[in-house]
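Okay, protein21.cif is below, mmCIF, C-alpha atoms:
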data_final
loop_
_atom_site.label_atom_id
_atom_site.label_comp_id
_atom_site.auth_asym_id
_atom_site.auth_seq_id
_atom_site.Cartn_x
_atom_site.Cartn_y
_atom_site.Cartn_z
CA MET A 1 0.81 4.44 52.82
CA TYR A 2 1.34 7.65 50.86
CA ALA A 3 4.86 7.82 52.28
CA ASP A 4 5.47 4.21 51.18
CA ALA A 5 4.22 4.96 47.68
CA VAL A 6 6.39 8.07 47.38
CA ALA A 7 9.44 6.29 48.75
CA ALA A 8 9.03 3.46 46.27
CA TYR A 9 7.76 5.31 43.19
CA GLY A 10 8.55 8.99 43.75
CA SER A 11 11.35 9.06 41.18
CA ALA A 12 9.19 7.19 38.68
CA LEU A 13 6.46 9.81 39.15
CA GLY A 14 8.97 12.55 38.41
CA ARG A 15 10.03 10.79 35.21
CA LEU A 16 6.39 10.22 34.30
CA ALA A 17 5.71 13.97 34.62
CA ARG A 18 8.65 14.61 32.27
CA GLY A 19 7.10 12.18 29.81
CA TYR A 20 3.87 14.16 29.74
CA GLU A 21 4.89 17.80 30.11
CA VAL A 22 7.63 19.59 28.22
CA ASP A 23 7.19 22.91 30.00
CA GLY A 24 8.95 23.05 33.39
CA GLU A 25 6.24 24.92 35.26
CA ARG A 26 3.44 22.75 33.93
CA ARG A 27 5.53 19.70 34.78
CA ARG A 28 5.86 20.84 38.38
CA ASP A 29 2.11 21.50 38.58
CA LEU A 30 1.39 18.08 37.09
CA LEU A 31 3.70 16.38 39.58
CA GLN A 32 2.05 18.17 42.49
CA ASP A 33 -1.39 17.27 41.10
CA ILE A 34 -0.31 13.64 40.88
CA HIS A 35 0.93 13.64 44.47
CA LEU A 36 -2.26 15.30 45.63
CA ALA A 37 -4.46 12.85 43.70
CA LEU A 38 -2.43 9.93 45.03
CA TRP A 39 -2.71 11.17 48.61
CA GLN A 40 -6.47 11.67 48.26
CA SER A 41 -7.03 8.37 46.45
CA LEU A 42 -5.32 6.11 48.98
CA ASP A 43 -8.42 6.19 51.22
CA ARG A 44 -10.02 4.01 48.58
CA PHE A 45 -7.09 1.67 48.09
CA ASP A 46 -8.45 -1.82 48.82
CA ALA A 47 -5.40 -3.93 47.88
CA ARG A 48 -7.23 -5.55 44.97
CA CYS A 49 -4.23 -4.47 42.94
CA SER A 50 -0.67 -3.76 44.06
CA LEU A 51 0.32 -0.35 45.39
CA ARG A 52 2.51 0.03 42.31
CA THR A 53 -0.40 -0.55 39.91
CA TRP A 54 -2.57 1.82 41.95
CA THR A 55 0.08 4.53 41.96
CA TYR A 56 0.67 4.26 38.21
CA ARG A 57 -3.06 4.24 37.49
CA VAL A 58 -3.67 7.41 39.48
CA ALA A 59 -0.65 9.15 37.97
CA HIS A 60 -1.28 8.13 34.36
CA ASN A 61 -5.03 8.74 34.53
CA LEU A 62 -4.44 12.24 35.79
CA ALA A 63 -1.66 13.00 33.30
CA ILE A 64 -3.39 11.46 30.29
CA SER A 65 -6.63 13.35 30.93
CA LYS A 66 -4.65 16.61 30.86
CA VAL A 67 -3.00 15.63 27.57
CA ILE A 68 -6.36 14.66 26.07
CA ARG A 69 -7.86 18.01 27.09
CA ARG A 70 -5.09 19.84 25.23
CA ARG A 71 -5.28 17.47 22.29
CA THR A 72 -6.93 19.98 19.97
CA ARG A 73 -3.75 22.06 20.20
CA MET A 74 -1.53 19.06 19.51
CA PRO A 75 -2.84 17.50 16.32
CA THR A 76 0.56 16.10 15.35
CA LEU A 77 0.76 13.28 17.89
CA VAL A 78 1.33 9.90 16.27
CA GLY A 79 0.91 6.25 17.17
CA VAL A 80 3.81 3.92 17.84
CA ASP A 81 3.09 2.20 14.48
CA GLU A 82 3.71 5.51 12.69
CA LEU A 83 6.95 5.99 14.64
CA GLU A 84 7.97 2.47 13.68
CA LEU A 85 7.55 3.34 10.00
CA ARG A 86 9.59 6.51 10.44
CA ALA A 87 12.29 4.60 12.28
CA GLU A 88 12.66 2.26 9.34
CA SER A 89 13.62 5.20 7.19
CA GLY A 90 16.88 5.14 9.16
CA ASP A 91 17.61 8.25 11.22
CA ARG A 92 19.57 6.50 13.91
CA GLU A 93 22.46 8.19 15.65
CA ASP A 94 24.65 5.67 17.41
CA GLN A 95 27.08 8.18 18.86
CA LEU A 96 24.74 10.37 20.85
CA ASP A 97 26.03 11.47 24.24
CA ARG A 98 23.84 10.66 27.20
CA ALA A 99 22.27 14.11 27.56
CA ARG A 100 21.36 14.24 23.90
CA ALA A 101 20.11 10.67 24.01
CA SER A 102 17.87 11.51 27.00
CA ALA A 103 16.54 14.58 25.22
CA ARG A 104 15.91 12.56 22.12
CA LEU A 105 14.14 9.84 24.06
CA LEU A 106 11.88 12.46 25.63
CA ALA A 107 11.20 13.95 22.20
CA VAL A 108 10.15 10.52 20.91
CA ILE A 109 7.86 10.08 23.94
CA HIS A 110 6.30 13.52 23.48
CA GLU A 111 5.47 12.69 19.86
CA LEU A 112 3.29 9.77 20.86
CA LYS A 113 -0.46 9.66 21.23
CA PRO A 114 -1.51 9.47 24.88
CA LEU A 115 -2.19 5.74 25.14
CA ASP A 116 0.92 4.74 23.21
CA ARG A 117 2.91 7.19 25.32
CA GLN A 118 1.55 5.54 28.43
CA VAL A 119 2.60 2.09 27.24
CA MET A 120 6.06 3.39 26.42
CA LEU A 121 6.51 5.09 29.80
CA LEU A 122 5.40 1.98 31.65
CA TYR A 123 7.69 -0.17 29.52
CA LEU A 124 10.59 2.14 30.33
CA GLU A 125 9.73 1.80 34.03
CA ASP A 126 10.24 -1.94 33.56
CA LEU A 127 6.65 -3.13 33.88
CA ASP A 128 5.88 -6.29 31.92
CA ALA A 129 3.00 -6.63 29.43
CA LEU A 130 0.59 -8.00 32.04
CA GLU A 131 1.31 -5.17 34.47
CA ILE A 132 0.98 -2.60 31.70
CA ALA A 133 -2.36 -4.16 30.74
CA GLU A 134 -3.48 -3.90 34.36
CA VAL A 135 -2.75 -0.17 34.39
CA THR A 136 -4.01 0.71 30.91
CA GLY A 137 -6.94 -1.67 30.47
CA MET A 138 -5.66 -2.83 27.05
CA SER A 139 -5.45 -6.55 26.41
CA ALA A 140 -2.09 -8.14 27.21
CA VAL A 141 -1.81 -9.18 23.53
CA ASN A 142 -2.35 -5.60 22.39
CA VAL A 143 0.20 -4.36 24.92
CA ALA A 144 2.70 -6.99 23.81
CA THR A 145 2.28 -5.87 20.19
CA LYS A 146 2.82 -2.24 21.15
CA VAL A 147 5.84 -3.10 23.29
CA HIS A 148 7.31 -5.04 20.37
CA ARG A 149 6.91 -1.96 18.16
CA ILE A 150 8.31 0.30 20.86
CA LYS A 151 11.40 -1.90 21.11
CA LYS A 152 11.86 -1.69 17.34
CA VAL A 153 11.52 2.09 17.41
CA LEU A 154 13.95 2.42 20.31
CA ALA A 155 16.41 0.00 18.78
CA ALA A 156 16.30 1.87 15.50
CA ARG A 157 16.72 5.26 17.10
CA PHE A 158 19.13 4.54 19.93
CA PHE A 159 20.79 1.17 20.23
CA GLU A 160 20.74 -1.85 18.05
CA GLY A 161 20.05 -4.06 21.06
CA ALA A 162 17.59 -2.02 23.08
CA SER A 163 15.31 -4.90 23.91
CA ASP A 164 15.90 -6.90 27.04
CA GLY A 165 13.56 -9.78 26.56
CA ARG A 166 10.53 -8.43 28.42
CA MET B 1 26.70 6.20 23.25
CA ALA B 2 26.90 2.48 23.59
CA GLY B 3 30.27 2.93 25.22
CA GLU B 4 28.93 5.35 27.80
CA ASN B 5 26.02 3.12 28.53
CA PRO B 6 27.47 -0.37 28.63
CA GLY B 7 24.16 -2.12 29.18
CA GLY B 8 23.03 -0.67 25.91
CA ASP B 9 19.68 -0.42 27.59
CA VAL B 10 17.34 2.42 26.85
CA LYS B 11 15.46 1.66 30.08
CA ALA B 12 18.64 2.40 32.01
CA LEU B 13 19.04 5.62 30.05
CA TRP B 14 15.48 6.56 30.99
CA ARG B 15 15.95 5.83 34.67
CA ARG B 16 19.35 7.52 34.85
CA GLN B 17 18.26 10.76 33.26
CA GLN B 18 19.17 13.81 35.25
CA GLU B 19 16.51 14.24 37.89
CA GLU B 20 15.07 17.66 38.52
CA PRO B 21 14.57 18.78 42.08
CA GLN B 22 11.03 17.61 42.81
CA ASP B 23 8.98 20.26 44.50
CA VAL B 24 6.61 17.85 46.17
CA ALA B 25 7.04 18.62 49.82
CA VAL B 26 3.86 18.29 51.87
CA ALA B 27 3.64 22.09 52.09
CA SER B 28 3.76 22.46 48.30
CA VAL B 29 1.12 19.76 47.80
CA ARG B 30 -1.08 21.56 50.36
CA ARG B 31 -0.55 24.82 48.46
CA ARG B 32 -1.55 23.08 45.24
CA ALA B 33 -4.65 21.68 46.95
CA LEU B 34 -5.59 25.20 48.04
CA THR B 35 -5.08 26.50 44.48
CA ILE B 36 -7.32 23.78 43.08
CA GLU B 37 -9.97 24.44 45.73
CA ALA B 38 -9.81 28.14 44.91
CA ALA B 39 -10.35 27.35 41.19
CA ALA B 40 -13.38 25.23 42.08
CA ARG B 41 -14.73 28.00 44.31
CA ARG B 42 -14.19 30.58 41.53
CA ARG B 43 -16.15 28.49 39.06
CA SER B 44 -18.96 28.02 41.53
CA LEU B 45 -18.90 31.74 42.32
CA VAL B 46 -19.27 32.67 38.62
CA VAL B 47 -22.42 30.53 38.37
CA ARG B 48 -23.79 31.93 41.64
CA LEU B 49 -23.15 35.48 40.44
CA SER B 50 -24.94 34.76 37.17
CA ILE B 51 -27.89 33.43 39.23
CA VAL B 52 -27.85 36.62 41.34
CA ASN B 53 -27.75 38.62 38.10
CA ASN B 54 -30.72 36.63 36.81
CA VAL B 55 -32.63 37.27 40.05
CA ALA B 56 -31.87 41.02 39.88
CA ILE B 57 -33.02 41.35 36.24
CA CYS B 58 -36.22 39.42 36.96
CA ALA B 59 -36.92 41.41 40.13
CA VAL B 60 -36.56 44.72 38.29
CA LEU B 61 -38.78 43.51 35.43
CA ALA B 62 -41.42 42.17 37.83
CA TRP B 63 -41.36 45.40 39.82
CA LEU B 64 -41.50 47.78 36.84
CA MET B 65 -44.04 45.72 34.88
CA PRO B 66 -46.16 43.72 37.32
CA GLU B 67 -48.32 42.32 34.52
CA THR B 68 -45.28 40.44 33.15
CA ARG B 69 -44.67 38.48 36.36
CA PRO B 70 -45.85 35.05 35.08
CA PHE B 71 -43.62 35.42 32.01
CA VAL B 72 -40.70 36.65 34.10
CA ALA B 73 -41.16 33.65 36.41
CA VAL B 74 -40.85 31.28 33.42
CA PHE B 75 -37.77 33.20 32.20
CA PHE B 76 -36.20 33.02 35.67
CA LEU B 77 -36.83 29.28 36.11
CA ALA B 78 -35.55 28.44 32.61
CA GLY B 79 -32.38 30.48 33.21
CA LEU B 80 -31.86 28.90 36.61
CA LEU B 81 -32.20 25.41 35.13
CA ALA B 82 -29.56 26.17 32.46
CA GLN B 83 -27.18 27.66 35.04
CA ILE B 84 -27.47 24.71 37.43
CA GLU B 85 -27.05 22.23 34.57
CA ALA B 86 -23.91 24.05 33.40
CA LEU B 87 -22.44 23.76 36.90
CA THR B 88 -23.28 20.10 37.45
CA ARG B 89 -22.42 18.86 33.94
CA SER B 90 -19.06 20.61 33.50
CA ALA B 91 -15.82 18.71 34.08
CA PRO B 92 -14.70 18.57 37.73
CA VAL B 93 -11.79 20.80 38.75
CA THR B 94 -10.35 18.29 41.19
CA ALA B 95 -9.08 14.83 40.25
CA PRO B 96 -11.69 12.13 40.83
CA GLY B 97 -11.03 9.96 43.88
CA ASP B 98 -11.62 6.76 41.94
CA ALA B 99 -8.70 7.33 39.54
CA GLY B 100 -6.86 4.35 41.05
CA LEU B 101 -9.83 2.02 40.71
CA MET B 102 -10.09 2.43 36.95
CA THR B 103 -7.79 1.45 34.13
CA SER B 104 -6.76 4.27 31.84
CA LEU B 105 -9.09 3.13 29.07
CA ALA B 106 -12.08 3.05 31.43
CA PHE B 107 -11.09 6.34 33.03
CA LEU B 108 -10.64 8.12 29.70
CA ARG B 109 -13.81 6.64 28.24
CA ALA B 110 -15.82 7.83 31.25
CA SER B 111 -14.41 11.36 31.15
CA LEU B 112 -14.71 11.69 27.34
CA GLU B 113 -18.29 10.39 27.36
CA ARG B 114 -19.15 12.85 30.08
CA GLU B 115 -17.66 15.74 28.09
CA ARG B 116 -19.33 14.56 24.90
CA ALA B 117 -22.70 14.44 26.68
CA PHE B 118 -22.02 17.96 27.97
CA ALA B 119 -21.36 19.23 24.44
CA ALA B 120 -23.75 17.11 22.38
CA ARG B 121 -26.73 17.75 24.65
CA ALA B 122 -26.14 21.48 25.00
CA TRP B 123 -29.34 21.98 22.99
CA LEU B 124 -31.27 20.08 25.68
CA TRP B 125 -29.80 21.51 28.86
CA PHE B 126 -28.95 25.00 27.62
CA LEU B 127 -30.60 25.98 24.34
CA LEU B 128 -34.08 24.61 25.10
CA PRO B 129 -34.53 26.25 28.51
CA ALA B 130 -32.86 29.44 27.25
CA ALA B 131 -35.20 29.52 24.21
CA ILE B 132 -38.24 28.93 26.45
CA GLY B 133 -37.06 31.73 28.74
CA GLU B 134 -36.53 34.13 25.83
CA LEU B 135 -39.92 33.30 24.31
CA ALA B 136 -41.59 33.89 27.68
CA LEU B 137 -39.84 37.25 27.90
CA PHE B 138 -40.97 38.26 24.40
CA ALA B 139 -44.50 37.07 25.14
CA GLY B 140 -44.48 39.22 28.29
CA MET B 141 -43.27 42.24 26.30
CA TRP B 142 -45.91 41.68 23.65
CA ALA B 143 -48.64 41.27 26.29
CA THR B 144 -47.70 44.52 27.96
CA GLY B 145 -47.60 46.47 24.72
CA VAL B 146 -43.84 46.97 24.42
CA PRO B 147 -43.11 47.88 20.78
CA VAL B 148 -42.10 44.47 19.45
CA LEU B 149 -40.32 45.68 16.33
CA ARG B 150 -38.22 48.23 18.17
CA VAL B 151 -37.26 46.22 21.27
CA ALA B 152 -38.07 42.55 20.95
CA LEU B 153 -36.73 41.93 17.45
CA PRO B 154 -33.19 43.20 18.11
CA LEU B 155 -33.18 41.20 21.33
CA ALA B 156 -34.38 38.09 19.47
CA ALA B 157 -31.72 38.56 16.80
CA SER B 158 -28.92 38.76 19.37
CA ALA B 159 -30.33 35.76 21.27
CA LEU B 160 -30.51 33.77 18.02
CA ALA B 161 -26.88 34.65 17.22
CA ILE B 162 -25.80 33.39 20.65
CA PHE B 163 -27.86 30.21 20.24
CA ALA B 164 -26.35 29.53 16.80
CA PHE B 165 -22.82 30.05 18.15
CA VAL B 166 -23.41 27.70 21.12
CA LEU B 167 -25.02 25.09 18.86
CA ILE B 168 -22.20 25.13 16.28
CA ARG B 169 -19.41 25.11 18.89
CA SER B 170 -20.99 22.34 20.94
CA ARG B 171 -21.51 20.20 17.83
CA GLN B 172 -17.89 20.70 16.78
CA ARG B 173 -16.68 19.77 20.26
CA GLY B 174 -19.00 16.76 20.34
CA ARG B 175 -17.63 15.52 16.99
CA LEU B 176 -14.02 15.91 18.18
CA LEU B 177 -14.78 13.99 21.37
CA GLN B 178 -16.53 11.28 19.33
CA ILE B 179 -13.37 10.86 17.23
CA GLN B 180 -11.32 10.47 20.41
CA LEU B 181 -13.82 7.94 21.75
CA ASP B 182 -13.62 5.95 18.49
CA GLU B 183 -9.82 5.95 18.79
CA LEU B 184 -10.16 4.60 22.33
CA ARG B 185 -12.46 1.82 21.15
CA ARG B 186 -9.90 0.82 18.54
CA ALA B 187 -7.23 0.70 21.27
#
Re-express the file's structure as structure tokens.
Amino acid sequence: MYADAVAAYGSALGRLARGYEVDGERRRDLLQDIHLALWQSLDRFDARCSLRTWTYRVAHNLAISKVIRRRTRMPTLVGVDELELRAESGDREDQLDRARASARLLAVIHELKPLDRQVMLLYLEDLDALEIAEVTGMSAVNVATKVHRIKKVLAARFFEGASDGR
Amino acid sequence: MAGENPGGDVKALWRRQQEEPQDVAVASVRRRALTIEAAARRRSLVVRLSIVNNVAICAVLAWLMPETRPFVAVFFLAGLLAQIEALTRSAPVTAPGDAGLMTSLAFLRASLERERAFAARAWLWFLLPAAIGELALFAGMWATGVPVLRVALPLAASALAIFAFVLIRSRQRGRLLQIQLDELRRA
């Protein structure tokens, strides 16, 4: 089952680690910790949720608890609502090349408070509001509100039509 | 940018970002598991060594001053209680096995509440037994005629300084964790 999970979500786990850790070495450690936690946790997988939800829960719970532990050294994290306000001030660059756009997207993600960051990462992995709610434990309405704000932030910072209807 | 990324989709940008080589071969995960186990063993070893240290100090005191043995016994038991509590209440080194059973909010709440209890109740699991142990030690010194002003008072002053430091730091940590818990409730 571990092999199935890695085959299906291995790349997503790598991207998730990038979303949580800027430093390359820490990122590699986090990714290995996630794989280890996933491997150990699958004994308790009882199919009450999908393997995807399980995998994301394990990965995000592990990553978010590390971010929270270092939170005292990162007092500048903001919520998606704050980012939305900043985005309205108009610092969009439409002509970014892909590498710069990727770097900028990561920078936006790293600015976010842990729970908002989690919603954004799951949104970027194409989970819908209900699936995000299943992973995070927030209400679907709350998730939908956050996703709406995330879309506005992304649209303002990257593309005018970033949203895709989800 | 829009031209390079015709879908105009930031999700596609996210998924197409340049992937790093992922060092997650089974061997590397095993190595990581060994590192984590070693960290857990080190932590356990530190507590065991401090217990051995406690035993050695008490044994020397009981041997040199037999009349202090009841007081030394209280000091030893109080110290042992604080050491065991520190080991059992501190955050686990390994990831909990139930991480997939809990949503992030539940998981974070549980771990923050645990840490807050660790910090906010430091007076109960650390300061109280440590104070009882210190008082027993001073009582033993006084009973055996050790010059209190010359020996016990400097010891008491240093113990008080440590207690004040632990109390202030644990309260600060508890308040910070409470703020994080309040943020979680609002989420």
Query raised in the report: Can you list what the PyMOL selection byres ((chain A and resi 143) around 10) grabs from this structure, as a PyMOL selection string?
Result: (chain A and resi 116+119-120+123+128-133+136-142+144-149) or (chain B and resi 187)
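Taking CA of Lys152 (chain A) as the reference point, CA of Arg100 (chain A) is found at 19.7 Å.
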Report task. Would you list the contacts of Gln83 (chain B) as a ChimeraX atom specification, taking every protein, DNA or RNA residue within 10 Å and counting only C-alpha atoms, but skipping same-chain residues closer than 6 positions in sequence? Result -> /B:47-48,50-51,54,77,125-126,129-130
Requested in this report: Have a look at CA of Leu105 (chain A) and CA of Trp14 (chain B) and let me know their distance in Å, one decimal.
Outcome: 7.8 Å
Query raised in the report: In terms of the shortest atom-to-atom distance over only C-alpha atoms, which of A:Arg57, A:Met1, A:Ala47, A:Trp39 is closest to chain B?
Result: A:Arg57
**Report entry** Point-to-point distance from CA of Gly140 (chain B) to CA of Val74 (chain B), Å rounded to tenths
**Finding:**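 Distance between the two atoms: 10.1 Å.
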Query - the PyMOL selection byres ((chain B and resi 120) around 12) resolved against shown file, as a list of chain:residue names - result: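 Evaluating the PyMOL selection byres ((chain B and resi 120) around 12) on these coordinates yields B:Arg89, B:Leu112, B:Glu113, B:Arg114, B:Glu115, B:Arg116, B:Ala117, B:Phe118, B:Ala119, B:Arg121, B:Ala122, B:Trp123, B:Leu124, B:Trp125, B:Phe126, B:Leu127, B:Val166, B:Leu167, B:Ile168, B:Arg169, B:Ser170, B:Arg171, B:Gln172, B:Arg173, B:Gly174, B:Arg175, B:Leu176, B:Leu177, B:Gln178.
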Query raised in the report: For chain B, which of A:Leu36, A:Leu16, A:Ala156, A:Ala63 is the closest residue, counting all atoms listed in the file?
Result: A:Leu36
I'd like to see the residues matched by the PyMOL selection byres ((chain A and resi 33) around 12) on this file, and ideally I'd get them as a JSON list (two decimals) with C-alpha atoms, keeping the file's coordinate frame.
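Contents of the output file selection32.json:
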[["chain", "number", "residue", "atom", "x", "y", "z"],
["A", 13, "LEU", "CA", 6.46, 9.81, 39.15],
["A", 14, "GLY", "CA", 8.97, 12.55, 38.41],
["A", 17, "ALA", "CA", 5.71, 13.97, 34.62],
["A", 26, "ARG", "CA", 3.44, 22.75, 33.93],
["A", 27, "ARG", "CA", 5.53, 19.70, 34.78],
["A", 28, "ARG", "CA", 5.86, 20.84, 38.38],
["A", 29, "ASP", "CA", 2.11, 21.50, 38.58],
["A", 30, "LEU", "CA", 1.39, 18.08, 37.09],
["A", 31, "LEU", "CA", 3.70, 16.38, 39.58],
["A", 32, "GLN", "CA", 2.05, 18.17, 42.49],
["A", 34, "ILE", "CA", -0.31, 13.64, 40.88],
["A", 35, "HIS", "CA", 0.93, 13.64, 44.47],
["A", 36, "LEU", "CA", -2.26, 15.30, 45.63],
["A", 37, "ALA", "CA", -4.46, 12.85, 43.70],
["A", 38, "LEU", "CA", -2.43, 9.93, 45.03],
["A", 39, "TRP", "CA", -2.71, 11.17, 48.61],
["A", 40, "GLN", "CA", -6.47, 11.67, 48.26],
["A", 41, "SER", "CA", -7.03, 8.37, 46.45],
["A", 58, "VAL", "CA", -3.67, 7.41, 39.48],
["A", 59, "ALA", "CA", -0.65, 9.15, 37.97],
["A", 60, "HIS", "CA", -1.28, 8.13, 34.36],
["A", 61, "ASN", "CA", -5.03, 8.74, 34.53],
["A", 62, "LEU", "CA", -4.44, 12.24, 35.79],
["A", 63, "ALA", "CA", -1.66, 13.00, 33.30],
["A", 66, "LYS", "CA", -4.65, 16.61, 30.86],
["B", 23, "ASP", "CA", 8.98, 20.26, 44.50],
["B", 24, "VAL", "CA", 6.61, 17.85, 46.17],
["B", 28, "SER", "CA", 3.76, 22.46, 48.30],
["B", 29, "VAL", "CA", 1.12, 19.76, 47.80],
["B", 30, "ARG", "CA", -1.08, 21.56, 50.36],
["B", 31, "ARG", "CA", -0.55, 24.82, 48.46],
["B", 32, "ARG", "CA", -1.55, 23.08, 45.24],
["B", 33, "ALA", "CA", -4.65, 21.68, 46.95],
["B", 34, "LEU", "CA", -5.59, 25.20, 48.04],
["B", 35, "THR", "CA", -5.08, 26.50, 44.48],
["B", 36, "ILE", "CA", -7.32, 23.78, 43.08],
["B", 93, "VAL", "CA", -11.79, 20.80, 38.75],
["B", 94, "THR", "CA", -10.35, 18.29, 41.19],
["B", 95, "ALA", "CA", -9.08, 14.83, 40.25],
["B", 96, "PRO", "CA", -11.69, 12.13, 40.83]]
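Once Ala136 (chain B) and its same-chain neighbours fewer than 4 positions away are set aside, Thr68, Pro70, Phe71, Val72, Ala73, Val74, Phe75, Phe76, Ala78, Ala130, Ala131, Ile132, Gly140, Met141 and Trp142 of chain B remain within 10 Å of it when counting only C-alpha atoms.
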**Report entry** Long-range neighbours of Leu101 (chain B) as a list in words, 8 Å cut-off, all atoms listed in the file, 2 positions minimum in chain
**Finding:** Phe45, Trp54 and Arg57 of chain A; Asp98, Ala99 and Thr103 of chain B
